[in-house]
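Raw query_31.tsv, TSV, C-alpha atoms and all ligand atoms:
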```
chain	number	residue	atom	x	y	z
A	72	MET	CA	119.10	138.87	137.73
A	73	PHE	CA	116.92	135.89	137.09
A	74	VAL	CA	115.00	133.93	139.71
A	75	THR	CA	113.50	130.58	138.79
A	76	ARG	CA	110.97	128.46	140.58
A	77	ARG	CA	110.05	124.92	139.59
A	78	ALA	CA	106.81	122.97	140.15
A	79	GLU	CA	105.39	119.68	138.97
A	80	PHE	CA	101.97	118.61	137.81
A	81	SER	CA	100.53	115.52	136.17
A	82	ALA	CA	97.99	115.78	133.40
A	83	SER	CA	96.51	113.75	130.56
A	84	HIS	CA	96.00	114.81	126.99
A	85	VAL	CA	95.31	113.75	123.43
A	86	CYS	CA	96.95	115.50	120.50
A	87	ARG	CA	94.58	115.31	117.57
A	88	ILE	CA	92.79	117.70	115.26
A	89	PRO	CA	89.08	116.84	115.19
A	90	SER	CA	88.59	117.94	111.57
A	91	LEU	CA	91.25	115.46	110.34
A	92	ASP	CA	90.78	111.71	110.00
A	93	ASP	CA	92.44	109.14	112.25
A	94	SER	CA	95.25	108.21	109.88
A	95	THR	CA	96.23	111.85	109.29
A	96	ASN	CA	96.20	112.50	113.03
A	97	ARG	CA	98.33	109.39	113.52
A	98	GLU	CA	100.83	110.68	110.93
A	99	LEU	CA	100.98	114.08	112.61
A	100	PHE	CA	101.02	113.13	116.28
A	101	ASP	CA	101.92	109.41	116.36
A	102	GLU	CA	100.86	107.72	119.65
A	103	GLU	CA	99.99	111.15	121.03
A	104	ALA	CA	96.85	110.97	118.85
A	105	ASN	CA	95.42	107.93	120.65
A	106	PRO	CA	91.91	109.11	121.64
A	107	ASN	CA	92.13	107.39	125.04
A	108	GLY	CA	94.76	109.91	126.07
A	109	HIS	CA	97.85	109.40	128.17
A	110	GLY	CA	99.56	111.18	131.01
A	111	HIS	CA	102.70	113.22	131.44
A	112	ASN	CA	104.48	114.32	134.58
A	113	TYR	CA	105.13	117.90	133.56
A	114	ILE	CA	107.74	120.08	135.20
A	115	VAL	CA	107.32	123.82	134.80
A	116	GLU	CA	109.99	126.40	135.58
A	117	ILE	CA	109.09	130.07	135.68
A	118	THR	CA	111.80	132.70	135.59
A	119	VAL	CA	111.34	136.28	136.77
A	120	GLU	CA	113.82	139.03	135.92
A	121	GLY	CA	114.64	142.00	138.12
A	122	GLU	CA	117.09	143.63	140.43
A	123	PRO	CA	117.18	142.83	144.15
A	124	ASP	CA	115.37	145.35	146.30
A	125	PRO	CA	118.03	147.43	148.09
A	126	LEU	CA	116.41	146.83	151.47
A	127	THR	CA	115.19	143.21	151.30
A	128	GLY	CA	117.68	141.84	148.77
A	129	MET	CA	114.80	140.07	147.02
A	130	VAL	CA	113.89	140.24	143.33
A	131	ILE	CA	110.41	138.95	144.14
A	132	ASP	CA	108.80	137.60	147.28
A	133	LEU	CA	109.42	133.88	146.85
A	134	LYS	CA	106.24	132.94	148.72
A	135	ASP	CA	104.38	135.07	146.20
A	136	LEU	CA	106.06	133.39	143.24
A	137	LYS	CA	105.23	129.97	144.65
A	138	GLY	CA	101.63	130.99	145.35
A	139	VAL	CA	101.07	132.37	141.85
A	140	LEU	CA	102.48	129.22	140.25
A	141	GLU	CA	100.23	127.08	142.45
A	142	SER	CA	97.04	129.05	141.89
A	143	GLU	CA	97.42	129.80	138.18
A	144	VAL	CA	99.04	126.59	136.90
A	145	VAL	CA	99.33	123.65	139.29
A	146	LEU	CA	95.82	123.73	140.83
A	147	PRO	CA	93.97	124.23	137.51
A	148	MET	CA	96.02	121.62	135.59
A	149	ASP	CA	97.15	118.93	138.06
A	150	HIS	CA	95.34	115.61	137.60
A	151	ARG	CA	93.24	117.04	134.77
A	152	PHE	CA	92.49	115.74	131.30
A	153	LEU	CA	93.59	118.91	129.53
A	154	ASN	CA	91.37	118.48	126.45
A	155	TYR	CA	88.21	118.21	128.53
A	156	GLU	CA	88.91	120.11	131.72
A	157	VAL	CA	91.24	123.02	130.99
A	158	ALA	CA	90.47	125.87	128.59
A	159	PRO	CA	91.53	126.57	125.86
A	160	PHE	CA	92.45	122.93	125.20
A	161	ASP	CA	88.90	122.06	124.21
A	162	ARG	CA	89.79	123.85	120.95
A	163	VAL	CA	93.60	124.21	121.00
A	164	VAL	CA	95.72	121.05	120.66
A	165	PRO	CA	97.51	120.58	124.00
A	166	THR	CA	100.98	120.04	122.62
A	167	THR	CA	103.82	121.02	124.92
A	168	PRO	CA	104.39	124.34	123.06
A	169	ASN	CA	100.71	125.21	123.38
A	170	VAL	CA	100.57	124.27	127.07
A	171	ALA	CA	103.72	126.34	127.70
A	172	ARG	CA	102.22	129.34	125.92
A	173	GLU	CA	99.01	129.00	127.95
A	174	ILE	CA	101.07	128.95	131.17
A	175	TRP	CA	102.77	132.16	130.02
A	176	ARG	CA	99.39	133.72	129.20
A	177	ARG	CA	98.09	132.92	132.69
A	178	LEU	CA	101.16	134.02	134.64
A	179	GLU	CA	102.37	137.12	132.85
A	180	PRO	CA	99.58	139.52	133.89
A	181	VAL	CA	99.43	138.21	137.46
A	182	LEU	CA	103.18	138.70	137.91
A	183	ALA	CA	103.11	142.08	136.15
A	184	ALA	CA	100.52	143.22	138.71
A	185	ARG	CA	103.14	142.39	141.38
A	186	GLN	CA	105.80	144.42	139.50
A	187	ALA	CA	107.52	141.15	138.50
A	188	ALA	CA	108.70	140.67	134.91
A	189	LEU	CA	108.19	137.14	133.62
A	190	ALA	CA	111.25	136.31	131.51
A	191	ARG	CA	110.81	132.64	130.65
A	192	VAL	CA	108.46	129.69	131.01
A	193	ARG	CA	110.16	126.33	130.56
A	194	LEU	CA	107.90	123.30	130.37
A	195	PHE	CA	109.29	119.77	130.48
A	196	GLU	CA	107.01	117.11	129.03
A	197	SER	CA	109.60	114.49	129.98
A	198	PRO	CA	113.11	114.66	131.43
A	199	ASP	CA	114.62	114.91	127.93
A	200	LEU	CA	112.14	117.24	126.22
A	201	TYR	CA	111.22	120.82	127.08
A	202	VAL	CA	109.88	123.98	125.49
A	203	ASP	CA	110.88	127.54	126.33
A	204	VAL	CA	108.61	130.54	125.97
A	205	LEU	CA	110.58	133.78	126.14
A	206	ARG	CA	109.43	137.33	126.70
A	207	ASP	CA	109.35	138.19	123.00
A	208	GLY	CA	106.63	135.56	122.61
A	209	SER	CA	108.69	132.98	120.75
A	210	ALA	CA	108.39	129.31	121.56
A	211	ALA	CA	111.21	126.89	120.83
A	212	GLY	CA	111.97	123.34	121.72
A	301	NI	NI	101.61	113.33	125.22
```
Translate the structure of the given file into structure tokens.
Ligand code: NI
Amino acid sequence: MFVTRRAEFSASHVCRIPSLDDSTNRELFDEEANPNGHGHNYIVEITVEGEPDPLTGMVIDLKDLKGVLESEVVLPMDHRFLNYEVAPFDRVVPTTPNVAREIWRRLEPVLAARQAALARVRLFESPDLYVDVLRDGSAAG
């Protein structure tokens, strides 16, 4: 079975590669390259896979899942300028795939320590665009 919890956070970012000139960055990232940055209201969904405990009927303690999402993702990223305030985005371009992969990297070991298997991280940059990171490490979207 799969259990999914959703949370929201707002963050700013710039998508540009410092070693490339402005026009190349503009070609690659369009308005996302504007050095002033801009905000997104991100929605993240984390999915845990498992079987319900025979006694409690729970796959994972839902308070735990909420707490992990808050402490590992929402608190560190909400109302931050990702490029300047959240590692590794001082050196990794904070595109939606890269932010989604970083969320996976933060959550997977914390959930594993609670015997919970992270199955998917889905990150919406906007209501009509999202990226999925799946357990095999692939990112699509
Ligand atoms: Ni953007």
For stretch 77-157 of chain A against stretch 174-197 of chain A, with a cut-off of 8 Å and counting all atoms listed in the file, what is the closest atom pair and its distance in Å to one decimal for every residue that makes the cut, ordered by chain and number, as JSON lines?
```
{"residue": "A:His111", "atom": "CA", "partner": "A:Glu196", "partner_atom": "CA", "distance": 6.3}
{"residue": "A:Asn112", "atom": "CA", "partner": "A:Glu196", "partner_atom": "CA", "distance": 6.7}
{"residue": "A:Tyr113", "atom": "CA", "partner": "A:Glu196", "partner_atom": "CA", "distance": 5.0}
{"residue": "A:Ile114", "atom": "CA", "partner": "A:Phe195", "partner_atom": "CA", "distance": 5.0}
{"residue": "A:Val115", "atom": "CA", "partner": "A:Leu194", "partner_atom": "CA", "distance": 4.5}
{"residue": "A:Glu116", "atom": "CA", "partner": "A:Arg193", "partner_atom": "CA", "distance": 5.0}
{"residue": "A:Ile117", "atom": "CA", "partner": "A:Val192", "partner_atom": "CA", "distance": 4.7}
{"residue": "A:Thr118", "atom": "CA", "partner": "A:Arg191", "partner_atom": "CA", "distance": 5.0}
{"residue": "A:Val119", "atom": "CA", "partner": "A:Leu189", "partner_atom": "CA", "distance": 4.5}
{"residue": "A:Glu120", "atom": "CA", "partner": "A:Ala188", "partner_atom": "CA", "distance": 5.5}
{"residue": "A:Gly121", "atom": "CA", "partner": "A:Ala188", "partner_atom": "CA", "distance": 6.9}
{"residue": "A:Ile131", "atom": "CA", "partner": "A:Ala187", "partner_atom": "CA", "distance": 6.7}
{"residue": "A:Val139", "atom": "CA", "partner": "A:Leu178", "partner_atom": "CA", "distance": 7.4}
{"residue": "A:Leu140", "atom": "CA", "partner": "A:Leu178", "partner_atom": "CA", "distance": 7.5}
{"residue": "A:Glu143", "atom": "CA", "partner": "A:Arg177", "partner_atom": "CA", "distance": 6.4}
{"residue": "A:Val144", "atom": "CA", "partner": "A:Ile174", "partner_atom": "CA", "distance": 6.5}
```
- Query: In Å to one decimal, how far is atom CA of A:Asn154 from atom CA of A:Thr75?
  - Reply: 28.1 Å
- Got a sec to check which residues lie within 12 Å of ligand NI 301 (chain A), using only C-alpha atoms and all ligand atoms, and send them as a ChimeraX atom specification? /A:81-87,100-113,152-154,164-168,170,195-197,200
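The coordinates place atom CA of A:Asp149 at 16.4 Å from atom CA of A:Asn169.
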- Using all atoms listed in the file, which residue out of A:Pro147, A:Tyr201, A:Pro89, A:Arg77 lies closest to A:Ala171? A:Tyr201
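Residue nearest A:Glu141, chosen from A:Leu205, A:Ala78, A:Met129, A:Ile88 and counting all atoms listed in the file: A:Ala78.
The gap separating atom CA of A:Pro198 from atom CA of A:Asp132 is 28.2 Å, in Å to one decimal.
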- Message: Using only C-alpha atoms for the distances, tell me which of A:Val163, A:Val74, A:Leu146, A:Val157 is nearest to A:Glu122.
- Response: A:Val74
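For the residues A:Asp161, A:Thr127, A:Lys137, A:Met148, ranking by smallest atom-to-atom distance to A:Phe80 using only C-alpha atoms places A:Met148 first.
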